[in-house]
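**Q** Shown below is the structure under consideration.
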Number of protein chains: 2
Amino acid sequence: MSEMKKEIVLTGDRPTGKLHIGHYVGSLKQRLIMQDQYETCYLMIADMQALTDNAHNVDKIRKSILEVTYDYLACGIDPNKTTIFIQSLIPELTEYTVLYMNFVTLARLLRNPTVKHELDLRDFGNSIPSGFLNYPVSQAADITAFGAELVPVGDDQLPMIEQTNEIVRHINYHFNTDIMKECKPILSKITRLPGTDGNAKMSKSLNNCIYLSDDEKTVSKKIMNMFTDPNHLRVEDPGKVEGNPVFTYLDAFDPNKDELEEWKAHYRRGGLGDVKVKRRLEKVLQAELAPIRERRKQFEEKPDQIMEMLFESSKKARVIAQENLNQLKTVLGINYQK
Amino acid sequence: MSEMKKEIVLTGDRPTGKLHIGHYVGSLKQRLIMQDQYETCYLMIADMQALTDNAHNVDKIRKSILEVTYDYLACGIDPNKTTIFIQSLIPELTEYTVLYMNFVTLARLLRNPTVKHELDLRDFGNSIPSGFLNYPVSQAADITAFGAELVPVGDDQLPMIEQTNEIVRHINYHFNTDIMKECKPILSKITRLPGTDGNAKMSKSLNNCIYLSDDEKTVSKKIMNMFTDPNHLRVEDPGKVEGNPVFTYLDAFDPNKDELEEWKAHYRRGGLGDVKVKRRLEKVLQAELAPIRERRKQFEEKPDQIMEMLFESSKKARVIAQENLNQLKTVLGINYQK
């Protein structure tokens, strides 16, 4: 067995629904690799963060904690290699957040590109909940509470890393310490999977996702209804591969890259029908999803055991956050009882 | 012994320096009365709140925790009647704050008159730290975490009570519960004492305060240097009583109201010198401060014991905050382990 790397890795998801193949390709597969390369991997189920824009939709969040965990385990996330924990079970994270909020100005929060983008999307304006506005601070709390040095993210999340490192440098500088570690993003190599309808993003509300928990028939139906090249009307017409989600999915899942390239060329020059390409995708995707689906069913049968596992590993994670917070409070000069 | 009232009372101070006679008149005397009338009184040393605009001045805050407590005890706050606690030792308060931040918009925070006023005073603009902007939310956390129903405040703090009750009503309404109790302000009957220099507010930075811990000589000197009526040049000149801080102090401290009224009339018509009025104030004030000063000295000799008392009563207070938070989480639907 080769030596494990020492950098601490932290990733997470908001529990707002089951995970789909976009999550699988974009982050889960990478986590599977990393849990075998890195000694310490944390995987956070960010329920408190999900509350920042779902404060009145708590049922969804509560249910999704289990669903997301089933998905993790079904994909092969191993609780012995990856500490999966529930954010709200680490109350130290709110202490971190409240402390960090003294080091971040309103102007800085409003300038955060991710926050700005989300503000536009949700049409919040000034009616943005304070919790939502402050979620970059809360992410800085999550990352630093575990001393995470590597944070796999999408490129849209880079401003969060920047905000975290600003807080880290601020504290190290102003309190003359080096206990705070800067973190590095690990960018996913896979571009985001589009929705089955060709929309740039898979989203539950658009009903354009293929879930890891979808049964065989559902997957088949979703693939057969997929958006392709709208101008590819007859089999003999030349078709577009770029922006054609069927090919994007094949790029992500098809193990036979050479044959796939031949098919692309064929599709481009005409003579290859959409149905045939979709059948290829179906074969590839069902093969990938079948074992995940099977394992998921087994986990679904023991929700109590799974929750118990989450409670246990959250307890384990909490000890680390407590130690780190204790150290931080000492540095900040507010550890009166030490 | 008459029956004690059941409403829960919460007050507090930011530990940013020793307490002065303005605190004594404006809040401490009222707390002394209330601790004999109300079964449950909490007195919070708001170190986390003090950090919101003193994040780099932690030494001052840490030292002030003891100083403020000496002042409390010296005035007669009785730890057996009033639970004195340190805010940062109740981490549940940060959980409350982070949860409440989802129910309060940025617009609402920016509209808070107290925040607006402080923003103007400090010339913060958008460079206001997020923690400072959110301190009304943190105050709502403090109040509700202990189920406080009565909150003695100055009238400048009324918007905080309003913000708290908005959160209370929001949660009761949206989560169909009645566990959250609205609180009522108790307005201090005494108007704020001006500084010895005539400035409307006593403030450490203006060096215009008489501290409870000042020795006899210092008090004497500060009184003799007090600002009076600048147009009252000769003893025989008529003098102004209104806006004359010596008379404002006498109003607050002199037990002989009838004689004081005669002196005021005399001063107004001329023939009563400033020095004589100051001597009267000195006599009255030294009499009030001498026993406080004596008791304070005794407490100053046992800082470790005092800190231990604070730790113990904070522990006691924490149990209540934990119970209430647990209840709130159940109502919000995020109490997974219950």
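By order of appearance in the structure tokens: chains A, B, ..., then residues from 1 within every chain, and ligands from 1 in the order shown.
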Pull out every residue of chain B that has at least one atom within 6 Å of chain A, counting only C-alpha atoms, and report them as a PyMOL selection string.
**A** chain B and resi 52+94-95+101-102+104-107+126-131
**Q** Return chain A as an mmCIF file with C-alpha atoms, in the first residue's frame, after superposing it on chain B by a least-squares fit that covers all C-alpha atoms paired in order.
**A**
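This is the output file selection-v4.cif:
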data_model
loop_
_atom_site.group_PDB
_atom_site.id
_atom_site.type_symbol
_atom_site.label_atom_id
_atom_site.label_comp_id
_atom_site.auth_asym_id
_atom_site.auth_seq_id
_atom_site.Cartn_x
_atom_site.Cartn_y
_atom_site.Cartn_z
ATOM 1 C CA MET A 1 -41.295 37.893 52.334
ATOM 2 C CA SER A 2 -43.588 38.948 49.520
ATOM 3 C CA GLU A 3 -44.034 36.701 46.503
ATOM 4 C CA MET A 4 -41.445 37.038 43.754
ATOM 5 C CA LYS A 5 -42.582 37.867 40.225
ATOM 6 C CA LYS A 6 -42.167 35.154 37.606
ATOM 7 C CA GLU A 7 -41.197 37.080 34.473
ATOM 8 C CA ILE A 8 -37.664 36.375 33.354
ATOM 9 C CA VAL A 9 -35.453 39.458 33.269
ATOM 10 C CA LEU A 10 -32.328 39.864 31.157
ATOM 11 C CA THR A 11 -29.902 42.762 31.055
ATOM 12 C CA GLY A 12 -26.275 43.117 30.145
ATOM 13 C CA ASP A 13 -23.280 45.266 29.430
ATOM 14 C CA ARG A 14 -20.484 45.198 26.901
ATOM 15 C CA PRO A 15 -17.251 44.716 28.824
ATOM 16 C CA THR A 16 -15.334 47.608 27.316
ATOM 17 C CA GLY A 17 -14.232 49.355 30.503
ATOM 18 C CA LYS A 18 -15.066 49.964 34.155
ATOM 19 C CA LEU A 19 -18.590 51.102 34.920
ATOM 20 C CA HIS A 20 -19.303 54.733 35.798
ATOM 21 C CA ILE A 21 -21.987 56.558 37.751
ATOM 22 C CA GLY A 22 -24.034 56.821 34.551
ATOM 23 C CA HIS A 23 -24.326 53.025 34.498
ATOM 24 C CA TYR A 24 -25.092 53.081 38.196
ATOM 25 C CA VAL A 25 -27.960 55.538 37.885
ATOM 26 C CA GLY A 26 -29.176 54.318 34.510
ATOM 27 C CA SER A 27 -29.225 50.589 35.062
ATOM 28 C CA LEU A 28 -27.420 49.158 38.092
ATOM 29 C CA LYS A 29 -29.777 50.669 40.666
ATOM 30 C CA GLN A 30 -32.746 49.293 38.757
ATOM 31 C CA ARG A 31 -31.144 45.848 38.627
ATOM 32 C CA LEU A 32 -30.686 45.933 42.387
ATOM 33 C CA ILE A 33 -34.388 46.524 42.829
ATOM 34 C CA MET A 34 -35.373 43.928 40.253
ATOM 35 C CA GLN A 35 -33.248 41.142 41.691
ATOM 36 C CA ASP A 36 -35.389 41.414 44.813
ATOM 37 C CA GLN A 37 -38.660 41.507 42.864
ATOM 38 C CA TYR A 38 -38.087 38.899 40.184
ATOM 39 C CA GLU A 39 -37.280 35.274 40.714
ATOM 40 C CA THR A 40 -35.095 34.942 37.621
ATOM 41 C CA CYS A 41 -32.666 37.663 36.629
ATOM 42 C CA TYR A 42 -29.871 37.225 34.105
ATOM 43 C CA LEU A 43 -27.041 39.671 33.737
ATOM 44 C CA MET A 44 -24.937 39.097 30.642
ATOM 45 C CA ILE A 45 -21.370 40.253 30.165
ATOM 46 C CA ALA A 46 -21.571 40.669 26.407
ATOM 47 C CA ASP A 47 -18.014 39.931 25.339
ATOM 48 C CA MET A 48 -18.982 38.505 21.937
ATOM 49 C CA GLN A 49 -21.001 41.621 21.227
ATOM 50 C CA ALA A 50 -18.106 43.806 22.353
ATOM 51 C CA LEU A 51 -15.931 41.978 19.823
ATOM 52 C CA THR A 52 -18.160 43.129 16.958
ATOM 53 C CA ASP A 53 -16.451 46.502 17.058
ATOM 54 C CA ASN A 54 -13.368 45.611 19.095
ATOM 55 C CA ALA A 55 -12.172 42.541 17.224
ATOM 56 C CA HIS A 56 -8.571 43.705 17.470
ATOM 57 C CA ASN A 57 -8.793 45.016 20.995
ATOM 58 C CA VAL A 58 -9.455 41.807 22.846
ATOM 59 C CA ASP A 59 -7.197 42.619 25.785
ATOM 60 C CA LYS A 60 -9.475 45.447 26.808
ATOM 61 C CA ILE A 61 -12.489 43.167 26.688
ATOM 62 C CA ARG A 62 -10.842 40.376 28.623
ATOM 63 C CA LYS A 63 -9.704 42.713 31.384
ATOM 64 C CA SER A 64 -13.050 44.465 31.513
ATOM 65 C CA ILE A 65 -14.898 41.244 32.282
ATOM 66 C CA LEU A 66 -13.421 41.261 35.762
ATOM 67 C CA GLU A 67 -13.687 45.021 36.203
ATOM 68 C CA VAL A 68 -17.344 45.051 35.292
ATOM 69 C CA THR A 69 -18.004 42.148 37.623
ATOM 70 C CA TYR A 70 -16.249 43.920 40.496
ATOM 71 C CA ASP A 71 -18.534 46.874 39.806
ATOM 72 C CA TYR A 72 -21.627 44.670 39.792
ATOM 73 C CA LEU A 73 -20.783 42.983 43.048
ATOM 74 C CA ALA A 74 -19.662 46.222 44.697
ATOM 75 C CA CYS A 75 -23.035 47.815 43.896
ATOM 76 C CA GLY A 76 -24.842 44.907 45.463
ATOM 77 C CA ILE A 77 -25.675 42.633 42.545
ATOM 78 C CA ASP A 78 -25.981 39.329 44.338
ATOM 79 C CA PRO A 79 -24.910 36.227 42.378
ATOM 80 C CA ASN A 80 -27.460 34.243 44.365
ATOM 81 C CA LYS A 81 -30.240 36.436 43.032
ATOM 82 C CA THR A 82 -28.848 37.396 39.638
ATOM 83 C CA THR A 83 -27.176 34.909 37.314
ATOM 84 C CA ILE A 84 -24.179 36.790 35.978
ATOM 85 C CA PHE A 85 -22.730 35.061 32.927
ATOM 86 C CA ILE A 86 -20.188 35.570 30.166
ATOM 87 C CA GLN A 87 -21.791 35.572 26.713
ATOM 88 C CA SER A 88 -19.019 33.645 24.957
ATOM 89 C CA LEU A 89 -19.349 30.811 27.453
ATOM 90 C CA ILE A 90 -22.823 30.108 26.050
ATOM 91 C CA PRO A 91 -21.958 28.922 22.524
ATOM 92 C CA GLU A 92 -25.638 28.133 21.987
ATOM 93 C CA LEU A 93 -26.082 31.871 21.491
ATOM 94 C CA THR A 94 -24.104 31.677 18.246
ATOM 95 C CA GLU A 95 -26.321 28.817 17.081
ATOM 96 C CA TYR A 96 -29.350 30.974 17.783
ATOM 97 C CA THR A 97 -27.749 33.868 15.912
ATOM 98 C CA VAL A 98 -26.928 31.831 12.829
ATOM 99 C CA LEU A 99 -30.422 30.332 12.751
ATOM 100 C CA TYR A 100 -32.106 33.722 13.195
ATOM 101 C CA MET A 101 -29.994 35.256 10.435
ATOM 102 C CA ASN A 102 -32.113 33.235 8.008
ATOM 103 C CA PHE A 103 -35.196 35.117 9.163
ATOM 104 C CA VAL A 104 -33.819 38.659 8.933
ATOM 105 C CA THR A 105 -33.079 40.421 5.658
ATOM 106 C CA LEU A 106 -30.212 42.743 4.881
ATOM 107 C CA ALA A 107 -32.739 45.528 4.250
ATOM 108 C CA ARG A 108 -34.194 45.047 7.719
ATOM 109 C CA LEU A 109 -30.771 45.250 9.347
ATOM 110 C CA LEU A 110 -29.873 48.402 7.452
ATOM 111 C CA ARG A 111 -33.180 49.962 8.504
ATOM 112 C CA ASN A 112 -32.581 49.377 12.211
ATOM 113 C CA PRO A 113 -32.376 52.898 13.718
ATOM 114 C CA THR A 114 -29.804 51.897 16.324
ATOM 115 C CA VAL A 115 -27.579 50.299 13.697
ATOM 116 C CA LYS A 116 -28.068 53.337 11.443
ATOM 117 C CA HIS A 117 -27.115 55.687 14.248
ATOM 118 C CA GLU A 118 -24.034 53.668 15.122
ATOM 119 C CA LEU A 119 -23.112 53.518 11.433
ATOM 120 C CA ASP A 120 -23.197 57.311 11.273
ATOM 121 C CA LEU A 121 -21.248 57.691 14.497
ATOM 122 C CA ARG A 122 -18.488 55.339 13.425
ATOM 123 C CA ASP A 123 -18.429 56.404 9.817
ATOM 124 C CA PHE A 124 -18.463 52.747 8.837
ATOM 125 C CA GLY A 125 -20.422 52.959 5.594
ATOM 126 C CA ASN A 126 -20.311 49.675 3.758
ATOM 127 C CA SER A 127 -17.134 48.787 5.579
ATOM 128 C CA ILE A 128 -19.270 47.884 8.578
ATOM 129 C CA PRO A 129 -18.222 44.455 9.826
ATOM 130 C CA SER A 130 -20.916 41.894 9.213
ATOM 131 C CA GLY A 131 -20.831 40.985 12.896
ATOM 132 C CA PHE A 132 -21.640 44.536 13.861
ATOM 133 C CA LEU A 133 -24.442 44.803 11.312
ATOM 134 C CA ASN A 134 -25.945 41.635 12.725
ATOM 135 C CA TYR A 135 -25.799 42.557 16.374
ATOM 136 C CA PRO A 136 -29.564 43.102 16.623
ATOM 137 C CA VAL A 137 -29.879 39.454 15.587
ATOM 138 C CA SER A 138 -27.361 38.456 18.190
ATOM 139 C CA GLN A 139 -29.326 40.409 20.813
ATOM 140 C CA ALA A 140 -32.478 38.586 19.787
ATOM 141 C CA ALA A 141 -30.517 35.403 20.359
ATOM 142 C CA ASP A 142 -29.459 36.505 23.839
ATOM 143 C CA ILE A 143 -32.950 37.497 24.880
ATOM 144 C CA THR A 144 -34.802 34.481 23.544
ATOM 145 C CA ALA A 145 -32.206 31.888 24.540
ATOM 146 C CA PHE A 146 -33.184 32.597 28.131
ATOM 147 C CA GLY A 147 -36.853 33.146 27.428
ATOM 148 C CA ALA A 148 -36.502 36.673 28.764
ATOM 149 C CA GLU A 149 -39.756 38.608 28.925
ATOM 150 C CA LEU A 150 -38.541 41.812 30.503
ATOM 151 C CA VAL A 151 -35.541 43.653 29.140
ATOM 152 C CA PRO A 152 -34.516 46.887 30.848
ATOM 153 C CA VAL A 153 -33.112 49.171 28.168
ATOM 154 C CA GLY A 154 -32.468 52.757 27.260
ATOM 155 C CA ASP A 155 -34.877 54.192 24.698
ATOM 156 C CA ASP A 156 -32.090 53.990 22.104
ATOM 157 C CA GLN A 157 -32.311 50.217 22.430
ATOM 158 C CA LEU A 158 -36.027 49.936 21.640
ATOM 159 C CA PRO A 159 -35.368 48.910 18.000
ATOM 160 C CA MET A 160 -33.539 45.857 19.348
ATOM 161 C CA ILE A 161 -36.607 44.779 21.240
ATOM 162 C CA GLU A 162 -38.690 45.298 18.117
ATOM 163 C CA GLN A 163 -36.278 43.173 16.057
ATOM 164 C CA THR A 164 -36.395 40.440 18.677
ATOM 165 C CA ASN A 165 -40.171 40.382 18.696
ATOM 166 C CA GLU A 166 -40.297 40.279 14.903
ATOM 167 C CA ILE A 167 -38.200 37.125 14.948
ATOM 168 C CA VAL A 168 -40.338 35.684 17.737
ATOM 169 C CA ARG A 169 -43.564 36.321 15.834
ATOM 170 C CA HIS A 170 -42.056 35.060 12.587
ATOM 171 C CA ILE A 171 -41.115 31.731 14.130
ATOM 172 C CA ASN A 172 -44.349 31.335 16.056
ATOM 173 C CA TYR A 173 -46.322 32.044 12.896
ATOM 174 C CA HIS A 174 -44.337 30.099 10.304
ATOM 175 C CA PHE A 175 -43.706 27.081 12.480
ATOM 176 C CA ASN A 176 -47.125 27.138 14.047
ATOM 177 C CA THR A 177 -45.924 27.235 17.618
ATOM 178 C CA ASP A 178 -46.082 29.386 20.698
ATOM 179 C CA ILE A 179 -42.812 28.450 22.339
ATOM 180 C CA MET A 180 -41.257 31.805 21.540
ATOM 181 C CA LYS A 181 -42.167 34.560 23.988
ATOM 182 C CA GLU A 182 -42.285 38.216 23.060
ATOM 183 C CA CYS A 183 -40.342 40.490 25.363
ATOM 184 C CA LYS A 184 -41.172 43.889 26.791
ATOM 185 C CA PRO A 185 -38.738 46.717 27.345
ATOM 186 C CA ILE A 186 -38.505 48.328 30.745
ATOM 187 C CA LEU A 187 -37.420 51.883 30.142
ATOM 188 C CA SER A 188 -35.109 53.419 32.674
ATOM 189 C CA LYS A 189 -36.813 56.329 34.451
ATOM 190 C CA ILE A 190 -33.579 58.213 34.888
ATOM 191 C CA THR A 191 -32.388 60.194 31.925
ATOM 192 C CA ARG A 192 -28.862 59.537 30.867
ATOM 193 C CA LEU A 193 -26.233 61.328 32.952
ATOM 194 C CA PRO A 194 -24.165 63.790 30.932
ATOM 195 C CA GLY A 195 -20.370 63.787 31.104
ATOM 196 C CA THR A 196 -18.542 65.960 33.623
ATOM 197 C CA ASP A 197 -17.667 68.220 30.673
ATOM 198 C CA GLY A 198 -21.309 68.792 29.816
ATOM 199 C CA ASN A 199 -21.201 66.425 26.855
ATOM 200 C CA ALA A 200 -24.501 64.564 26.484
ATOM 201 C CA LYS A 201 -22.856 61.180 26.984
ATOM 202 C CA MET A 202 -20.306 59.849 29.412
ATOM 203 C CA SER A 203 -17.633 58.152 27.437
ATOM 204 C CA LYS A 204 -14.248 56.758 28.272
ATOM 205 C CA SER A 205 -12.716 58.265 25.162
ATOM 206 C CA LEU A 206 -13.926 61.746 26.162
ATOM 207 C CA ASN A 207 -12.443 61.275 29.633
ATOM 208 C CA ASN A 208 -15.585 62.760 31.181
ATOM 209 C CA CYS A 209 -16.747 59.901 33.433
ATOM 210 C CA ILE A 210 -16.757 59.382 37.159
ATOM 211 C CA TYR A 211 -16.094 55.678 37.667
ATOM 212 C CA LEU A 212 -17.468 53.594 40.490
ATOM 213 C CA SER A 213 -13.877 52.554 41.109
ATOM 214 C CA ASP A 214 -12.468 56.107 41.279
ATOM 215 C CA ASP A 215 -10.842 56.881 44.627
ATOM 216 C CA GLU A 216 -12.077 59.710 46.827
ATOM 217 C CA LYS A 217 -9.515 62.238 45.621
ATOM 218 C CA THR A 218 -10.199 61.514 41.963
ATOM 219 C CA VAL A 219 -13.923 61.932 42.453
ATOM 220 C CA SER A 220 -13.325 65.192 44.289
ATOM 221 C CA LYS A 221 -11.082 66.511 41.541
ATOM 222 C CA LYS A 222 -13.470 65.484 38.774
ATOM 223 C CA ILE A 223 -16.361 67.223 40.506
ATOM 224 C CA MET A 224 -14.404 70.393 41.136
ATOM 225 C CA ASN A 225 -13.446 70.520 37.448
ATOM 226 C CA MET A 226 -17.002 69.961 36.273
ATOM 227 C CA PHE A 227 -18.583 72.055 33.576
ATOM 228 C CA THR A 228 -21.401 74.279 34.887
ATOM 229 C CA ASP A 229 -23.185 77.266 33.379
ATOM 230 C CA PRO A 230 -20.476 79.052 31.351
ATOM 231 C CA ASN A 231 -22.320 82.364 31.787
ATOM 232 C CA HIS A 232 -22.402 82.081 35.569
ATOM 233 C CA LEU A 233 -19.214 84.073 36.019
ATOM 234 C CA ARG A 234 -19.710 85.747 39.394
ATOM 235 C CA VAL A 235 -21.491 84.364 42.432
ATOM 236 C CA GLU A 236 -24.131 87.074 42.275
ATOM 237 C CA ASP A 237 -24.989 86.313 38.587
ATOM 238 C CA PRO A 238 -28.136 84.302 37.888
ATOM 239 C CA GLY A 239 -27.228 80.768 36.800
ATOM 240 C CA LYS A 240 -28.791 78.122 34.644
ATOM 241 C CA VAL A 241 -29.843 74.835 36.205
ATOM 242 C CA GLU A 242 -30.984 73.148 33.002
ATOM 243 C CA GLY A 243 -28.095 71.606 31.084
ATOM 244 C CA ASN A 244 -25.865 72.195 34.095
ATOM 245 C CA PRO A 245 -24.421 68.747 34.790
ATOM 246 C CA VAL A 246 -23.764 69.514 38.470
ATOM 247 C CA PHE A 247 -27.496 69.908 39.027
ATOM 248 C CA THR A 248 -28.293 66.932 36.811
ATOM 249 C CA TYR A 249 -26.054 64.794 39.005
ATOM 250 C CA LEU A 250 -27.677 66.250 42.130
ATOM 251 C CA ASP A 251 -31.092 65.376 40.682
ATOM 252 C CA ALA A 252 -29.887 61.818 40.324
ATOM 253 C CA PHE A 253 -28.168 61.405 43.679
ATOM 254 C CA ASP A 254 -29.336 63.967 46.230
ATOM 255 C CA PRO A 255 -31.786 62.365 48.675
ATOM 256 C CA ASN A 256 -32.970 65.742 49.985
ATOM 257 C CA LYS A 257 -35.159 66.805 47.080
ATOM 258 C CA ASP A 258 -36.804 69.762 48.877
ATOM 259 C CA GLU A 259 -33.557 71.395 49.845
ATOM 260 C CA LEU A 260 -32.222 70.746 46.361
ATOM 261 C CA GLU A 261 -35.182 72.630 44.872
ATOM 262 C CA GLU A 262 -34.408 75.597 47.156
ATOM 263 C CA TRP A 263 -30.797 75.547 46.012
ATOM 264 C CA LYS A 264 -31.876 75.482 42.379
ATOM 265 C CA ALA A 265 -34.075 78.532 42.919
ATOM 266 C CA HIS A 266 -31.202 80.301 44.669
ATOM 267 C CA TYR A 267 -28.790 79.421 41.856
ATOM 268 C CA ARG A 268 -31.253 80.686 39.272
ATOM 269 C CA ARG A 269 -31.747 84.064 40.885
ATOM 270 C CA GLY A 270 -28.050 84.482 41.663
ATOM 271 C CA GLY A 271 -25.985 84.488 44.829
ATOM 272 C CA LEU A 272 -25.101 80.791 44.918
ATOM 273 C CA GLY A 273 -21.574 79.964 43.790
ATOM 274 C CA ASP A 274 -20.551 76.976 41.680
ATOM 275 C CA VAL A 275 -18.039 75.804 44.248
ATOM 276 C CA LYS A 276 -20.697 75.577 46.922
ATOM 277 C CA VAL A 277 -22.972 73.535 44.646
ATOM 278 C CA LYS A 278 -20.082 71.267 43.709
ATOM 279 C CA ARG A 279 -19.287 70.739 47.399
ATOM 280 C CA ARG A 280 -22.883 69.666 47.941
ATOM 281 C CA LEU A 281 -22.609 67.223 45.037
ATOM 282 C CA GLU A 282 -19.328 65.925 46.355
ATOM 283 C CA LYS A 283 -20.769 65.217 49.780
ATOM 284 C CA VAL A 284 -23.750 63.381 48.317
ATOM 285 C CA LEU A 285 -21.738 61.418 45.740
ATOM 286 C CA GLN A 286 -18.891 60.433 48.054
ATOM 287 C CA ALA A 287 -21.461 59.139 50.545
ATOM 288 C CA GLU A 288 -23.013 56.988 47.824
ATOM 289 C CA LEU A 289 -19.713 55.794 46.373
ATOM 290 C CA ALA A 290 -17.740 55.153 49.588
ATOM 291 C CA PRO A 291 -19.353 51.811 50.488
ATOM 292 C CA ILE A 292 -19.245 50.691 46.834
ATOM 293 C CA ARG A 293 -15.551 51.553 46.702
ATOM 294 C CA GLU A 294 -14.889 49.669 49.932
ATOM 295 C CA ARG A 295 -16.676 46.535 48.779
ATOM 296 C CA ARG A 296 -14.984 46.714 45.384
ATOM 297 C CA LYS A 297 -11.562 46.635 47.041
ATOM 298 C CA GLN A 298 -12.434 43.385 48.748
ATOM 299 C CA PHE A 299 -13.512 41.777 45.488
ATOM 300 C CA GLU A 300 -10.442 43.055 43.672
ATOM 301 C CA GLU A 301 -8.348 40.976 46.026
ATOM 302 C CA LYS A 302 -9.794 37.697 44.793
ATOM 303 C CA PRO A 303 -9.952 37.755 40.996
ATOM 304 C CA ASP A 304 -9.629 33.970 40.699
ATOM 305 C CA GLN A 305 -12.596 33.416 42.960
ATOM 306 C CA ILE A 306 -14.652 35.936 41.002
ATOM 307 C CA MET A 307 -13.777 34.296 37.680
ATOM 308 C CA GLU A 308 -14.705 30.934 39.173
ATOM 309 C CA MET A 309 -18.070 32.353 40.176
ATOM 310 C CA LEU A 310 -18.575 33.634 36.619
ATOM 311 C CA PHE A 311 -17.672 30.246 35.164
ATOM 312 C CA GLU A 312 -20.052 28.498 37.524
ATOM 313 C CA SER A 313 -22.998 30.774 36.875
ATOM 314 C CA SER A 314 -22.297 30.723 33.134
ATOM 315 C CA LYS A 315 -22.523 26.954 33.311
ATOM 316 C CA LYS A 316 -25.869 27.289 35.063
ATOM 317 C CA ALA A 317 -27.127 29.754 32.451
ATOM 318 C CA ARG A 318 -25.892 27.521 29.663
ATOM 319 C CA VAL A 319 -28.140 24.685 30.756
ATOM 320 C CA ILE A 320 -31.171 26.937 30.248
ATOM 321 C CA ALA A 321 -29.977 28.103 26.830
ATOM 322 C CA GLN A 322 -29.373 24.489 25.824
ATOM 323 C CA GLU A 323 -32.860 23.426 26.856
ATOM 324 C CA ASN A 324 -34.447 26.315 25.007
ATOM 325 C CA LEU A 325 -32.341 25.755 21.899
ATOM 326 C CA ASN A 326 -33.236 22.111 21.913
ATOM 327 C CA GLN A 327 -36.904 23.044 21.998
ATOM 328 C CA LEU A 328 -36.454 25.567 19.205
ATOM 329 C CA LYS A 329 -34.618 23.058 17.020
ATOM 330 C CA THR A 330 -37.449 20.594 17.510
ATOM 331 C CA VAL A 331 -39.938 23.216 16.380
ATOM 332 C CA LEU A 332 -37.774 24.187 13.400
ATOM 333 C CA GLY A 333 -37.499 20.509 12.510
ATOM 334 C CA ILE A 334 -33.733 20.188 12.781
ATOM 335 C CA ASN A 335 -33.478 18.230 15.993
ATOM 336 C CA TYR A 336 -32.444 14.963 14.381
ATOM 337 C CA GLN A 337 -31.233 13.263 17.514
ATOM 338 C CA LYS A 338 -34.179 13.873 19.802
#
**Q** Mind checking DSSP for stretch 142-283 of chain B and telling me the strand (DSSP E) residues as a PyMOL selection string?
**A** chain B and resi 150-153+184-187
**Q** Once you have the residues from the selection above, write them out as a PDB file, in the first residue's frame, restricted to C-alpha atoms.
**A**
ATOM      1  CA  LEU B 150     -38.541  41.830  30.514  1.00  0.00           C
ATOM      2  CA  VAL B 151     -35.534  43.674  29.150  1.00  0.00           C
ATOM      3  CA  PRO B 152     -34.512  46.908  30.865  1.00  0.00           C
ATOM      4  CA  VAL B 153     -33.117  49.194  28.170  1.00  0.00           C
ATOM      5  CA  LYS B 184     -41.160  43.896  26.815  1.00  0.00           C
ATOM      6  CA  PRO B 185     -38.724  46.734  27.354  1.00  0.00           C
ATOM      7  CA  ILE B 186     -38.496  48.344  30.760  1.00  0.00           C
ATOM      8  CA  LEU B 187     -37.421  51.903  30.170  1.00  0.00           C
TER       9      LEU B 187
END
**Q** Report the residues of stretch 138-228 of chain A whose backbone DSSP state falls under helix (DSSP H, G or I), written as a ChimeraX atom specification.
**A** /A:138-145,155-174,204-206,216-224
